[in-house]
Each structure stands twice: as C-alpha cells, then as structure tokens.
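Student: model28.txt is the file, holding compact mmCIF, C-alpha atoms:
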```txt
# COMPACT_ATOMS: atom_id res chain seq x y z
CA MET A 28 -73.82 90.90 -83.50
CA ALA A 29 -73.63 87.26 -84.58
CA ASN A 30 -70.59 88.04 -86.78
CA ILE A 31 -68.75 89.52 -83.78
CA ILE A 32 -69.42 86.43 -81.69
CA VAL A 33 -68.32 84.02 -84.45
CA HIS A 34 -65.18 86.07 -85.14
CA ASN A 35 -64.09 86.10 -81.49
CA VAL A 36 -64.79 82.39 -80.97
CA ARG A 37 -63.30 80.97 -84.16
CA HIS A 38 -60.48 83.39 -84.87
CA GLN A 39 -59.13 84.16 -81.39
CA HIS A 40 -57.05 81.98 -79.07
CA ALA A 41 -59.06 80.61 -76.17
CA GLY A 42 -58.08 81.90 -72.76
CA ALA A 43 -56.82 79.58 -70.02
CA ASN A 44 -60.14 79.79 -68.20
CA THR A 45 -62.02 78.65 -71.33
CA VAL A 46 -59.62 75.74 -71.79
CA TYR A 47 -60.11 74.60 -68.20
CA HIS A 48 -63.90 74.70 -68.68
CA ALA A 49 -63.49 72.42 -71.71
CA LEU A 50 -61.17 70.09 -69.75
CA TYR A 51 -63.71 69.97 -66.92
CA GLY A 52 -66.43 68.98 -69.39
CA HIS A 53 -64.26 66.20 -70.81
CA TYR A 54 -62.74 64.71 -67.64
CA PHE A 55 -65.52 65.30 -65.10
CA LEU A 56 -68.73 65.34 -67.16
CA GLY A 57 -67.68 62.79 -69.78
CA ILE A 58 -68.37 65.02 -72.79
CA SER A 59 -66.59 63.74 -75.88
CA ARG A 60 -63.92 65.80 -77.62
CA LYS A 61 -66.07 65.95 -80.76
CA SER A 62 -68.97 67.46 -78.79
CA LEU A 63 -66.65 69.92 -77.06
CA ALA A 64 -65.36 71.05 -80.46
CA VAL A 65 -68.93 71.93 -81.44
CA ILE A 66 -69.71 73.65 -78.12
CA TYR A 67 -66.57 75.82 -78.09
CA GLY A 68 -66.41 76.48 -81.85
CA LYS A 69 -62.96 74.87 -82.23
CA SER A 70 -61.63 72.04 -84.36
CA GLU A 71 -61.45 68.60 -82.84
CA SER A 72 -57.65 68.64 -83.21
CA THR A 73 -57.52 71.79 -81.03
CA ILE A 74 -59.48 70.07 -78.27
CA HIS A 75 -57.16 67.08 -78.62
CA GLU A 76 -54.10 69.33 -78.17
CA TRP A 77 -55.60 70.86 -75.02
CA CYS A 78 -56.11 67.42 -73.51
CA LYS A 79 -52.66 66.26 -74.63
CA LYS A 80 -50.91 69.24 -72.96
CA PHE A 81 -52.88 68.75 -69.77
CA GLU A 82 -52.14 65.01 -69.58
CA ARG A 83 -48.44 65.65 -70.24
CA ASP A 84 -47.84 68.61 -67.91
CA GLY A 85 -50.67 68.38 -65.37
CA PHE A 86 -51.75 71.95 -66.22
CA PHE A 87 -52.44 74.10 -69.28
CA ARG A 88 -50.28 77.03 -70.27
CA ARG A 89 -49.50 78.46 -73.65
CA LYS A 90 -45.92 78.49 -74.77
CA GLN A 91 -44.24 81.66 -73.57
CA ARG A 92 -42.20 83.47 -76.15
CA GLN A 93 -38.81 84.67 -75.04
CA GLN A 94 -38.75 88.45 -74.83
CA VAL A 95 -36.53 89.95 -77.49
CA TYR A 96 -35.21 93.43 -76.82
CA LYS A 97 -34.12 95.14 -80.03
CA LYS A 98 -32.66 98.43 -78.86
CA PHE A 99 -31.45 97.68 -75.32
CA GLY A 100 -30.46 94.07 -74.86
CA THR A 101 -30.76 91.83 -71.82
CA GLU A 102 -27.23 92.67 -70.67
CA MET A 103 -27.91 96.42 -70.72
CA ARG A 104 -31.20 96.03 -68.87
CA LYS A 105 -29.61 93.78 -66.27
CA TRP A 106 -26.84 96.35 -65.75
CA LEU A 107 -29.39 99.13 -65.14
CA VAL A 108 -31.33 97.01 -62.64
CA GLU A 109 -28.14 96.10 -60.77
CA LEU A 110 -27.14 99.78 -60.79
CA TYR A 111 -30.34 100.72 -58.94
CA GLN A 112 -29.90 97.80 -56.56
CA ARG A 113 -26.53 99.25 -55.58
CA GLU A 114 -27.52 102.93 -55.71
CA PRO A 115 -31.31 103.24 -55.21
CA VAL A 116 -31.18 107.04 -54.72
CA LEU A 117 -29.94 107.82 -58.24
CA PHE A 118 -31.96 110.28 -60.29
CA LEU A 119 -32.99 109.04 -63.71
CA ASP A 120 -30.71 111.49 -65.50
CA GLU A 121 -27.75 110.29 -63.38
CA ALA A 122 -28.51 106.69 -64.32
CA LYS A 123 -28.75 107.77 -67.96
CA GLN A 124 -25.31 109.37 -67.80
CA LYS A 125 -23.75 106.28 -66.17
CA PHE A 126 -25.38 104.05 -68.78
CA GLN A 127 -24.01 106.13 -71.66
CA GLU A 128 -20.52 106.14 -70.12
CA ARG A 129 -20.67 102.35 -69.71
CA PHE A 130 -22.12 101.30 -73.08
CA HIS A 131 -21.38 104.38 -75.27
CA LYS A 132 -24.98 104.34 -76.44
CA ASN A 133 -27.69 106.98 -76.09
CA ILE A 134 -30.70 106.25 -73.91
CA SER A 135 -33.58 108.49 -72.93
CA ILE A 136 -34.72 109.13 -69.37
CA SER A 137 -38.10 107.62 -70.22
CA SER A 138 -36.40 104.41 -71.39
CA VAL A 139 -34.50 104.18 -68.10
CA CYS A 140 -37.80 104.65 -66.26
CA VAL A 141 -39.56 101.95 -68.32
CA ILE A 142 -36.74 99.42 -67.86
CA ILE A 143 -36.56 99.72 -64.07
CA HIS A 144 -40.37 99.68 -63.74
CA GLU A 145 -40.53 96.50 -65.81
CA ALA A 146 -38.03 95.01 -63.34
CA GLY A 147 -40.46 95.72 -60.47
CA PHE A 148 -38.93 98.96 -59.16
CA SER A 149 -41.01 101.97 -58.09
CA TRP A 150 -40.28 105.44 -56.70
CA LYS A 151 -40.46 105.14 -52.90
CA THR A 152 -39.91 107.27 -49.84
CA ILE A 153 -36.52 106.58 -48.27
CA GLU A 154 -36.37 105.36 -44.70
CA ARG A 155 -33.09 106.83 -43.55
CA ARG A 156 -30.84 104.80 -41.27
CA ALA A 157 -27.97 106.37 -39.34
CA ILE A 158 -24.55 105.51 -40.68
CA GLN A 159 -23.45 105.16 -37.04
CA ILE A 160 -25.47 101.93 -36.57
CA ARG A 161 -23.02 99.33 -35.33
CA GLU A 162 -23.33 95.59 -35.83
CA ALA A 163 -21.86 94.91 -32.38
CA GLU A 164 -24.67 96.90 -30.72
CA ILE A 165 -27.40 94.92 -32.51
CA VAL A 166 -25.65 91.65 -31.65
CA ARG A 167 -25.43 92.76 -28.00
CA PHE A 168 -29.15 93.59 -27.92
CA VAL A 169 -30.18 90.28 -29.48
CA ARG A 170 -27.97 88.32 -27.09
CA GLU A 171 -29.48 90.09 -24.09
CA LEU A 172 -32.96 89.10 -25.28
CA LEU A 173 -31.77 85.53 -25.85
CA SER A 174 -30.32 85.36 -22.35
CA ILE A 175 -33.75 85.57 -20.64
CA GLN A 176 -37.11 83.91 -21.10
CA TRP A 177 -39.79 86.33 -22.21
CA ASP A 178 -43.04 86.65 -24.10
CA LEU A 179 -45.00 89.59 -25.42
CA TYR A 180 -46.84 90.03 -22.11
CA ASN A 181 -43.47 90.63 -20.37
CA LEU A 182 -42.39 93.53 -22.57
CA VAL A 183 -42.73 97.22 -21.86
CA PHE A 184 -41.38 99.86 -24.25
CA LEU A 185 -40.87 103.34 -22.86
CA ASP A 186 -39.74 106.65 -24.32
CA GLU A 187 -40.34 110.38 -24.16
CA VAL A 188 -42.21 112.36 -26.79
CA SER A 189 -43.00 116.06 -27.14
CA PHE A 190 -46.11 117.70 -28.57
CA ASP A 191 -47.07 121.25 -29.43
CA SER A 192 -49.96 122.80 -31.33
CA ARG A 193 -48.21 122.31 -34.69
CA ASP A 194 -48.45 118.52 -34.31
CA MET A 195 -52.24 118.79 -34.22
CA LEU A 196 -52.68 120.75 -37.46
CA ARG A 197 -53.67 118.98 -40.66
CA ARG A 198 -51.11 119.50 -43.41
CA LYS A 199 -52.94 118.25 -46.50
CA GLY A 200 -56.33 118.75 -48.10
CA TYR A 201 -58.15 118.37 -51.40
CA GLY A 202 -58.17 121.18 -53.92
CA VAL A 203 -58.45 121.91 -57.61
CA VAL A 204 -55.56 120.60 -59.69
CA GLY A 205 -53.05 123.36 -60.48
CA ARG A 206 -54.21 125.66 -57.69
CA LYS A 207 -52.88 126.12 -54.16
CA ILE A 208 -54.96 125.48 -51.07
CA VAL A 209 -54.86 128.56 -48.86
CA PHE A 210 -56.25 128.03 -45.36
CA ARG A 211 -56.30 130.72 -42.67
CA GLY A 212 -55.63 129.05 -39.35
CA GLU A 213 -53.67 129.14 -36.14
CA PHE A 214 -50.10 130.34 -36.42
CA CYS A 215 -48.93 130.95 -32.85
CA ARG A 216 -47.34 127.93 -31.21
CA LYS A 217 -48.76 126.90 -27.86
CA PRO A 218 -46.51 125.68 -25.00
CA ARG A 219 -44.84 122.32 -25.67
CA VAL A 220 -45.74 119.31 -23.53
CA SER A 221 -43.41 116.33 -22.97
CA CYS A 222 -44.75 112.89 -22.08
CA LEU A 223 -43.09 109.72 -20.83
CA CYS A 224 -45.14 106.76 -22.06
CA PHE A 225 -45.10 103.05 -21.23
CA LEU A 226 -46.39 100.68 -23.93
CA GLY A 227 -47.41 97.04 -23.53
CA ALA A 228 -48.83 94.47 -25.92
CA GLY A 229 -52.38 95.54 -25.02
CA GLY A 230 -51.90 99.27 -25.44
CA MET A 231 -50.60 102.28 -23.53
CA LEU A 232 -50.11 101.22 -19.89
CA ASP A 233 -49.39 104.63 -18.39
CA SER A 234 -48.06 108.08 -19.19
CA PHE A 235 -46.56 111.03 -17.32
CA TRP A 236 -46.19 114.61 -18.46
CA THR A 237 -44.02 117.58 -17.66
CA GLU A 238 -43.50 121.08 -18.97
CA GLY A 239 -40.34 121.43 -21.00
CA THR A 240 -38.30 118.23 -21.04
CA PHE A 241 -37.63 115.36 -18.66
CA ASN A 242 -34.48 115.39 -16.58
CA ARG A 243 -32.95 112.48 -14.70
CA ARG A 244 -34.87 113.16 -11.50
CA LYS A 245 -38.25 113.43 -13.20
CA PHE A 246 -37.55 110.30 -15.24
CA PHE A 247 -36.66 108.31 -12.13
CA ASP A 248 -39.77 109.50 -10.24
CA CYS A 249 -42.01 108.45 -13.14
CA CYS A 250 -40.36 105.03 -13.47
CA ARG A 251 -40.63 104.41 -9.73
CA SER A 252 -44.28 105.44 -9.70
CA PHE A 253 -45.08 103.17 -12.65
CA ALA A 254 -43.16 100.20 -11.19
CA MET A 255 -44.61 100.47 -7.69
CA HIS A 256 -48.15 101.75 -8.17
CA ASN A 257 -49.33 100.41 -11.53
CA ALA A 258 -51.29 97.18 -11.14
CA HIS A 259 -50.10 95.94 -14.55
CA VAL A 260 -46.45 95.72 -13.47
CA GLN A 261 -45.05 92.62 -11.74
CA SER A 262 -41.58 91.40 -10.85
CA TYR A 263 -39.81 89.21 -13.39
CA PRO A 264 -40.96 86.80 -14.79
CA GLY A 265 -44.37 88.40 -14.32
CA PHE A 266 -46.30 90.75 -16.57
CA HIS A 267 -44.53 93.86 -17.89
CA SER A 268 -41.27 93.05 -16.12
CA VAL A 269 -38.86 93.47 -19.07
CA TRP A 270 -38.43 97.16 -19.93
CA ILE A 271 -36.87 98.08 -23.27
CA LEU A 272 -35.67 101.65 -23.72
CA ASP A 273 -33.17 103.63 -25.74
CA GLY A 274 -29.75 104.72 -24.54
CA ALA A 275 -30.54 108.35 -23.72
CA ARG A 276 -28.27 109.73 -21.02
CA ILE A 277 -31.04 110.10 -18.43
CA HIS A 278 -32.01 106.43 -19.01
CA CYS A 279 -28.52 105.04 -18.42
CA ASP A 280 -27.95 106.33 -14.92
CA ALA A 281 -26.44 103.50 -12.83
CA ASN A 282 -28.60 104.33 -9.80
CA ILE A 283 -31.80 104.05 -11.87
CA ILE A 284 -30.69 100.70 -13.31
CA ARG A 285 -29.84 99.34 -9.85
CA TYR A 286 -33.21 100.46 -8.51
CA LEU A 287 -35.15 98.82 -11.34
CA ARG A 288 -33.28 95.54 -10.86
CA SER A 289 -33.91 95.70 -7.10
CA VAL A 290 -37.70 95.75 -7.66
CA GLY A 291 -37.61 92.86 -10.16
CA ILE A 292 -37.50 94.82 -13.41
CA ILE A 293 -35.06 93.80 -16.17
CA PRO A 294 -34.00 96.84 -18.24
CA ILE A 295 -32.60 96.22 -21.73
CA PHE A 296 -31.18 99.04 -23.83
CA LEU A 297 -31.84 99.29 -27.55
CA PRO A 298 -28.94 99.62 -30.00
CA ALA A 299 -28.02 103.22 -30.75
CA TYR A 300 -29.77 104.80 -33.77
CA CYS A 301 -32.26 101.90 -34.06
CA PRO A 302 -35.76 103.36 -33.43
CA PHE A 303 -37.15 100.72 -35.82
CA PHE A 304 -36.75 98.19 -32.97
CA ASN A 305 -39.00 100.29 -30.72
CA PRO A 306 -42.78 99.84 -31.34
CA ILE A 307 -43.62 102.89 -29.24
CA GLU A 308 -42.18 105.10 -32.01
CA ILE A 309 -44.90 103.78 -34.34
CA ILE A 310 -47.56 104.38 -31.70
CA PHE A 311 -46.34 107.97 -31.25
CA GLY A 312 -46.90 108.48 -34.98
CA LEU A 313 -50.43 107.10 -34.66
CA ILE A 314 -51.12 109.37 -31.70
CA LYS A 315 -50.08 112.42 -33.74
CA LYS A 316 -52.42 111.34 -36.55
CA ASP A 317 -55.16 110.91 -33.96
CA LEU A 318 -54.52 114.47 -32.72
CA GLN A 319 -54.90 115.80 -36.25
CA ARG A 320 -58.21 113.95 -36.59
CA TYR A 321 -59.83 115.18 -33.38
CA TYR A 322 -58.34 118.65 -32.97
CA ARG A 323 -60.63 121.41 -34.21
CA GLU A 324 -58.56 124.32 -35.45
CA ASN A 325 -59.92 127.86 -35.01
CA SER A 326 -62.64 126.54 -32.69
CA SER A 327 -63.73 128.59 -29.68
CA ASN A 328 -63.99 125.31 -27.76
CA SER A 329 -60.40 124.25 -28.43
CA ARG A 330 -58.63 122.86 -25.36
CA SER A 331 -55.04 123.18 -24.20
CA VAL A 332 -52.31 121.08 -25.78
CA LEU A 333 -52.05 118.96 -22.62
CA SER A 334 -55.77 118.16 -22.63
CA GLU A 335 -55.69 117.19 -26.31
CA VAL A 336 -52.59 115.01 -25.84
CA CYS A 337 -54.01 113.26 -22.77
CA GLY A 338 -57.20 112.53 -24.67
CA ALA A 339 -55.26 111.05 -27.60
CA ILE A 340 -53.08 108.88 -25.33
CA ASN A 341 -56.17 107.64 -23.46
CA ARG A 342 -57.64 106.47 -26.76
CA PHE A 343 -54.63 104.15 -27.10
CA LYS A 344 -54.91 102.61 -23.63
CA ILE A 345 -56.74 99.66 -25.17
CA TYR A 346 -54.98 99.10 -28.47
CA PRO A 347 -53.74 95.64 -29.60
CA CYS A 348 -50.08 96.06 -30.47
CA SER A 349 -49.15 92.49 -31.46
CA LYS A 350 -48.91 93.46 -35.15
CA VAL A 351 -46.81 96.51 -34.30
CA PHE A 352 -44.53 94.35 -32.14
CA GLU A 353 -44.23 91.84 -34.98
CA HIS A 354 -43.36 94.64 -37.42
CA CYS A 355 -40.41 95.54 -35.15
CA GLY A 356 -39.35 91.89 -34.81
CA TYR A 357 -40.93 90.76 -31.51
CA LEU A 358 -42.93 87.54 -31.92
CA PRO A 359 -44.87 85.41 -29.40
CA GLY A 360 -42.88 82.78 -27.57
CA GLY A 361 -39.83 84.94 -26.94
CA VAL A 362 -38.71 85.12 -30.56
CA PHE A 363 -36.93 88.23 -31.80
CA LEU A 364 -36.15 88.61 -35.52
CA PRO A 365 -33.96 91.69 -36.05
CA GLU A 366 -34.37 91.41 -39.83
CA LYS A 367 -38.04 92.40 -39.38
CA GLY A 368 -37.13 95.80 -37.96
CA LEU A 369 -34.10 96.23 -40.19
CA GLY A 370 -36.13 95.36 -43.29
CA ARG A 371 -33.14 93.37 -44.57
CA SER A 372 -31.88 89.82 -44.29
CA LEU A 373 -29.09 89.38 -41.76
CA LYS A 374 -27.29 87.15 -44.24
CA ASN A 375 -26.89 90.14 -46.55
CA MET A 376 -25.41 92.15 -43.66
CA ASN A 377 -22.98 89.39 -42.57
CA PHE A 378 -24.42 89.34 -39.05
CA ASN A 379 -23.49 86.45 -36.77
CA ILE A 380 -25.93 86.40 -33.86
CA THR A 381 -25.84 83.35 -31.62
CA PRO A 382 -26.36 83.05 -27.87
CA GLU A 383 -23.20 82.91 -25.82
```
Take the structure from the file and write it as structure tokens.

Tutor:
Amino acid sequence: MANIIVHNVRHQHAGANTVYHALYGHYFLGISRKSLAVIYGKSESTIHEWCKKFERDGFFRRKQRQQVYKKFGTEMRKWLVELYQREPVLFLDEAKQKFQERFHKNISISSVCVIIHEAGFSWKTIERRAIQIREAEIVRFVRELLSIQWDLYNLVFLDEVSFDSRDMLRRKGYGVVGRKIVFRGEFCRKPRVSCLCFLGAGGMLDSFWTEGTFNRRKFFDCCRSFAMHNAHVQSYPGFHSVWILDGARIHCDANIIRYLRSVGIIPIFLPAYCPFFNPIEIIFGLIKKDLQRYYRENSSNSRSVLSEVCGAINRFKIYPCSKVFEHCGYLPGGVFLPEKGLGRSLKNMNFNITPE
C-alpha cells in the first residue's frame, strides 16, 4: 500500500486542486516552500515553479498541448462541422459521401460521428417551423406590442384545443430490453371535446367547451361572456386587457374585433405559423400530460372525456406561467424578445424591428 501512495505522489503530476492547496499553505499560512516540498512529496524547484506561474499569471494552469489530428486535419474537421451547421438534418452516411466527394479521402461513419460530437453536436429532435413564416408578419406583431404599454398582468392568450380519449392514454412504459410491451386497453375513441381557453400569467383564467368544433357564433359568445362576467378582466390598461390570439378565420371577424375594442379590450394577432409565440400551446401540452397521469384506463370508474378534461384544466387554474411567458419571449416590464420564441438571434435572420 505504501508503494502505491509513494508512486502516485512522486511520479504523477499534481492536479490543479493539489497545487492550489500548496499555494494556500504558502501565501495564507506562511509555510515555506521547503516545508511544502516535504509535505507534498515534490522537489523544492517544483514548488518554486508553481509559485512562479501563479505570481506571473494570477492563476495556475498547465500548458495545454495543441491537438494534432493525424488522419483528418483541422481543415477537414472544420468543414464537417460547418456542413452540419448548414444542413443539420443530414444522415451520417450522407455527410460521409459529401466529405469523400470534397476531399477524395475515405472516412467511416463512426469517424464522422466522433468529429461532430467532439465539436459539441448531438442528435436532437427537430422543431419544425413552417416555411411560410414571413418576416413582415413578425415585425408587424412586435411593432403592435411596442405601440402600447403592457406588462405580464395585462396579457391574455386564448386558443381552442380538442381532446378525445386517445390523448389520455399513456404511450410508453418500461419493459425488458429486446421485447415488446403488449398492453390490452381501450381502443374505441370516445366523442371529441373542444375547449376555448384563456390563459393569464397566474394560470388558466377561464375555459368554455362545445361538442365538435367552435364556429364564429360560439367563439363570440364565449369571448363576450369572459370579457363581461369574469372578475379578472378589466378595460385597458387594467388586468387582462390585452388579448393575444392567432389568425384563425373565426378570430378575425371584424364585428368581433369592434366589439372587443368597444369594451376596452385590445386584441393583437400573432404572426401566421408562429405557435412558439403563444404560451398557451405549451400549457395545452402540459394539460395532455396531466390527463395521461390521472386517467385510469380500463377502470370501471372512468369518467367521460369532458369530465376528465375539465378536471385537468381546473388543476391549471393556479399555475405560475412567468417562466412559460419568458420562454416565448414575454418579459416583465413590457419587454418582448422574439428571439426567445424563435430560438435564434434576429441578427442572423436580418430582422429590422424598430417602433414606428
């Protein structure tokens, strides 16, 4: 045992933590370099070098050797990384083929994988964005938000969502590796329920349901009921007076817009194909996960889809949404950062958003 200790102390480089302990002993406890050499099993010249590096640089770090790539040089590795920055959806074999066409040199799929992982890349799920997203629409939305004074307590996000029994079923489970999980459960789909929900910074403010889907008349009746009878709603600039909704046809009716403005509500329409600016979409996903948690499949006590959905929505009536709002770009003090929802810097997209 003693031989192992002596070998590791005298014949191995000291780690940075060990060096800092020695420096602490010298500069804070006044231990001489000669004594430290005895304590740490190093030569006095080694302790002297530690102190010299620290006094010169203000910190201790061993000299980093420059990485030398023998088979695939820095230029080739840089080219592969830039290839995946331009085309992140490439399969490894496609990248291999492009590499061989570019450099006329064989490379294995595993080498491609190692190179891009060393550069900090990993295999991720794609968040698809519609090609129809238009810069002008995002600029219009941001300018509308800049044209009024608002804070998180002013905002209401509203949208419709549909549920059926399939949304409540769990889709994954644990099983033995290499074997399928076979689970006998419900197969018949129960009637679909559509809900119109209103979300504020403190949680779900209200919700309305209908069989089938909402039409323009039903949508207007629900909005009027929420605006006139819900105690949380006030005229602008009061609480929950700025309503943000998507551009669905039933939302854009001129009569509905005029009515909302007449009762002190400011409606603002999201850019087309931009659900990532709408926090209620995230909450809908959480509600569906909540349904999967609490729904008991094959139970004799199972309730109707409507009862299950209403129970899940009620559990989100008190739910702090400030982090969800921030994820979509809405910050306290009336600050909106579209790059938060987009997940990209506006500079890289050549956006020019300034108030008119």

Student: Would you list the contacts of Ser135 in chain A as a list of chain:residue names, taking every protein, DNA or RNA residue within 12 Å and counting only C-alpha atoms, but skipping same-chain residues closer than 6 positions in sequence?

Tutor: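 Contacts, with the query itself left out: A:Lys98, A:Phe99, A:Leu119, A:Asp120, A:Glu121, A:Ala122, A:Lys123, A:Gln124, A:Phe126, A:Gln127, A:Val141, A:Ile142.
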
Student: At what distance in Å, to one decimal, does CA of Lys69 in chain A lie from CA of Gln39 in chain A?

Tutor: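 Rounded to one decimal, the two atoms are 10.1 Å apart.
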
Student: Contacts of range 160-169 of chain A at 7 Å or less, counting all atoms listed in the file, minus same-chain residues fewer than 4 places along, as a ChimeraX atom specification?

Tutor: /A:173,297-300,380

Student: Hey, can you check how far CA of Gly57 in chain A sits from CA of Ala43 in chain A?

Tutor: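 Separation between CA of Gly57 in chain A and CA of Ala43 in chain A: 20.0 Å.
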
Student: Using all atoms listed in the file, which residues sit within 7 Å of Pro306 in chain A once same-chain residues fewer than 6 positions away are excluded, as a list in words?

Tutor: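 Non-adjacent residues within range: Val351, Phe352 and Cys355 of chain A.
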
Student: Tell me, in Å to one decimal, how far CA of Phe86 in chain A is from CA of Ala64 in chain A.

Tutor: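 Computing the Euclidean distance for CA of Phe86 in chain A and CA of Ala64 in chain A yields 19.7 Å.
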
Student: My list of candidates is A:Cys224, A:Thr73, A:Val188, A:Gly229. Which is closest to His40 in chain A when distances are computed with all atoms listed in the file?

Tutor: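 Residue with the minimum atom-to-atom distance to His40 in chain A: A:Thr73.
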
Student: For Ala339 in chain A, list every protein, DNA or RNA residue within 10 Å, evaluated using only C-alpha atoms, and leave out those in the same chain fewer than 4 positions away; present the list as a ChimeraX atom specification.

Tutor: /A:313-322,333-335,343-344

Student: Select, from A:Ile293, A:Thr237, A:Leu63, A:Lys79, the residue with the minimum atom-to-atom distance to Glu171 in chain A, counting all atoms listed in the file.

Tutor: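 Among the listed residues, the smallest separation from Glu171 in chain A belongs to A:Ile293.
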
Student: Show me, as a tab-separated table, the residues of range 115-211 of chain A having an atom within 7 Å of range 268-273 of chain A, each with the closest atom pair and its distance in Å, using all atoms listed in the file.

Tutor:
```
residue	atom	partner	partner_atom	distance
A:Asn181	CA	A:Ser268	CA	5.4
A:Leu182	CA	A:Val269	CA	5.0
A:Val183	CA	A:Trp270	CA	4.7
A:Phe184	CA	A:Ile271	CA	4.9
A:Leu185	CA	A:Leu272	CA	5.5
A:Asp186	CA	A:Leu272	CA	6.5
```

Student: Ranking A:Leu117, A:Ala41, A:Val46, A:Ile310 by minimum distance to Met231 in chain A and counting all atoms listed in the file, which one comes first?

Tutor: A:Ile310

Student: List the neighbours of Ser289 in chain A out to 12 Å using only C-alpha atoms; skip same-chain residues closer than 4 positions along the sequence, and give me the result as a VMD selection string.

Tutor: chain A and resid 251 254 to 255 262 to 263 268 282 to 285 293 to 294

Student: Which one is closest to His267 in chain A: A:Gly205, A:Gly368, A:Gly212, A:Gly291? Count only C-alpha atoms.

Tutor: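 Looking at the shortest contact to His267 in chain A, the residue is A:Gly291.
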
Student: Could you check which of A:Ser192, A:Thr101, A:Gln176, A:Ser349 is closest to Val336 in chain A, using all atoms listed in the file?

Tutor: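 Closest to Val336 in chain A, using all atoms listed in the file: A:Ser192.
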
Student: Under the rule that only C-alpha atoms are counted, which of A:Ala146, A:Ile134, A:Cys301, A:Leu172 is the nearest residue to Gly274 in chain A?

Tutor: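 Using only C-alpha atoms, Gly274 in chain A sits closest to A:Cys301.
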
Student: Some atoms are absent from range 342-349 of chain A, so rebuild all heavy atoms and return them as an mmCIF file, in the coordinates of the input.

Tutor:
```cif
data_model
loop_
_atom_site.group_PDB
_atom_site.id
_atom_site.type_symbol
_atom_site.label_atom_id
_atom_site.label_comp_id
_atom_site.auth_asym_id
_atom_site.auth_seq_id
_atom_site.Cartn_x
_atom_site.Cartn_y
_atom_site.Cartn_z
ATOM 1 N N ARG A 342 -56.992 107.268 -25.716
ATOM 2 C CA ARG A 342 -57.640 106.470 -26.760
ATOM 3 C C ARG A 342 -56.785 105.268 -27.178
ATOM 4 O O ARG A 342 -57.266 104.377 -27.869
ATOM 5 C CB ARG A 342 -57.971 107.350 -27.962
ATOM 6 C CG ARG A 342 -59.128 108.291 -27.725
ATOM 7 C CD ARG A 342 -59.590 108.976 -28.990
ATOM 8 N NE ARG A 342 -58.715 110.063 -29.382
ATOM 9 C CZ ARG A 342 -58.833 111.321 -28.970
ATOM 10 N NH1 ARG A 342 -59.798 111.649 -28.107
ATOM 11 N NH2 ARG A 342 -58.000 112.264 -29.376
ATOM 12 N N PHE A 343 -55.515 105.271 -26.779
ATOM 13 C CA PHE A 343 -54.630 104.150 -27.100
ATOM 14 C C PHE A 343 -54.356 103.264 -25.883
ATOM 15 O O PHE A 343 -53.475 102.417 -25.941
ATOM 16 C CB PHE A 343 -53.303 104.677 -27.661
ATOM 17 C CG PHE A 343 -53.400 105.096 -29.095
ATOM 18 C CD1 PHE A 343 -53.863 106.358 -29.432
ATOM 19 C CD2 PHE A 343 -53.055 104.220 -30.121
ATOM 20 C CE1 PHE A 343 -53.966 106.748 -30.759
ATOM 21 C CE2 PHE A 343 -53.155 104.603 -31.441
ATOM 22 C CZ PHE A 343 -53.610 105.871 -31.771
ATOM 23 N N LYS A 344 -55.123 103.456 -24.806
ATOM 24 C CA LYS A 344 -54.910 102.610 -23.630
ATOM 25 C C LYS A 344 -55.358 101.172 -23.895
ATOM 26 O O LYS A 344 -54.815 100.233 -23.306
ATOM 27 C CB LYS A 344 -55.660 103.188 -22.423
ATOM 28 C CG LYS A 344 -54.928 104.370 -21.804
ATOM 29 C CD LYS A 344 -55.411 104.661 -20.401
ATOM 30 C CE LYS A 344 -54.498 105.674 -19.722
ATOM 31 N NZ LYS A 344 -54.909 105.964 -18.333
ATOM 32 N N ILE A 345 -56.351 101.001 -24.725
ATOM 33 C CA ILE A 345 -56.740 99.660 -25.170
ATOM 34 C C ILE A 345 -56.515 99.620 -26.674
ATOM 35 O O ILE A 345 -57.349 100.069 -27.466
ATOM 36 C CB ILE A 345 -58.214 99.356 -24.827
ATOM 37 C CG1 ILE A 345 -58.437 99.464 -23.311
ATOM 38 C CG2 ILE A 345 -58.599 97.971 -25.314
ATOM 39 C CD1 ILE A 345 -59.880 99.259 -22.889
ATOM 40 N N TYR A 346 -55.369 99.121 -27.057
ATOM 41 C CA TYR A 346 -54.980 99.100 -28.470
ATOM 42 C C TYR A 346 -54.084 97.877 -28.692
ATOM 43 O O TYR A 346 -52.957 97.839 -28.192
ATOM 44 C CB TYR A 346 -54.240 100.382 -28.850
ATOM 45 C CG TYR A 346 -53.955 100.502 -30.326
ATOM 46 C CD1 TYR A 346 -54.908 101.002 -31.200
ATOM 47 C CD2 TYR A 346 -52.728 100.097 -30.851
ATOM 48 C CE1 TYR A 346 -54.655 101.110 -32.557
ATOM 49 C CE2 TYR A 346 -52.457 100.202 -32.204
ATOM 50 C CZ TYR A 346 -53.428 100.707 -33.048
ATOM 51 O OH TYR A 346 -53.167 100.805 -34.395
ATOM 52 N N PRO A 347 -54.569 96.847 -29.385
ATOM 53 C CA PRO A 347 -53.740 95.640 -29.600
ATOM 54 C C PRO A 347 -52.500 95.957 -30.421
ATOM 55 O O PRO A 347 -52.593 96.461 -31.539
ATOM 56 C CB PRO A 347 -54.696 94.687 -30.345
ATOM 57 C CG PRO A 347 -55.748 95.557 -30.938
ATOM 58 C CD PRO A 347 -55.889 96.742 -30.029
ATOM 59 N N CYS A 348 -51.350 95.683 -29.837
ATOM 60 C CA CYS A 348 -50.080 96.060 -30.470
ATOM 61 C C CYS A 348 -49.291 94.859 -30.995
ATOM 62 O O CYS A 348 -48.113 95.006 -31.335
ATOM 63 C CB CYS A 348 -49.205 96.829 -29.478
ATOM 64 S SG CYS A 348 -49.919 98.401 -28.945
ATOM 65 N N SER A 349 -49.908 93.680 -31.050
ATOM 66 C CA SER A 349 -49.150 92.490 -31.460
ATOM 67 C C SER A 349 -48.599 92.651 -32.874
ATOM 68 O O SER A 349 -47.465 92.243 -33.161
ATOM 69 C CB SER A 349 -50.028 91.242 -31.366
ATOM 70 O OG SER A 349 -51.207 91.393 -32.141
#
```
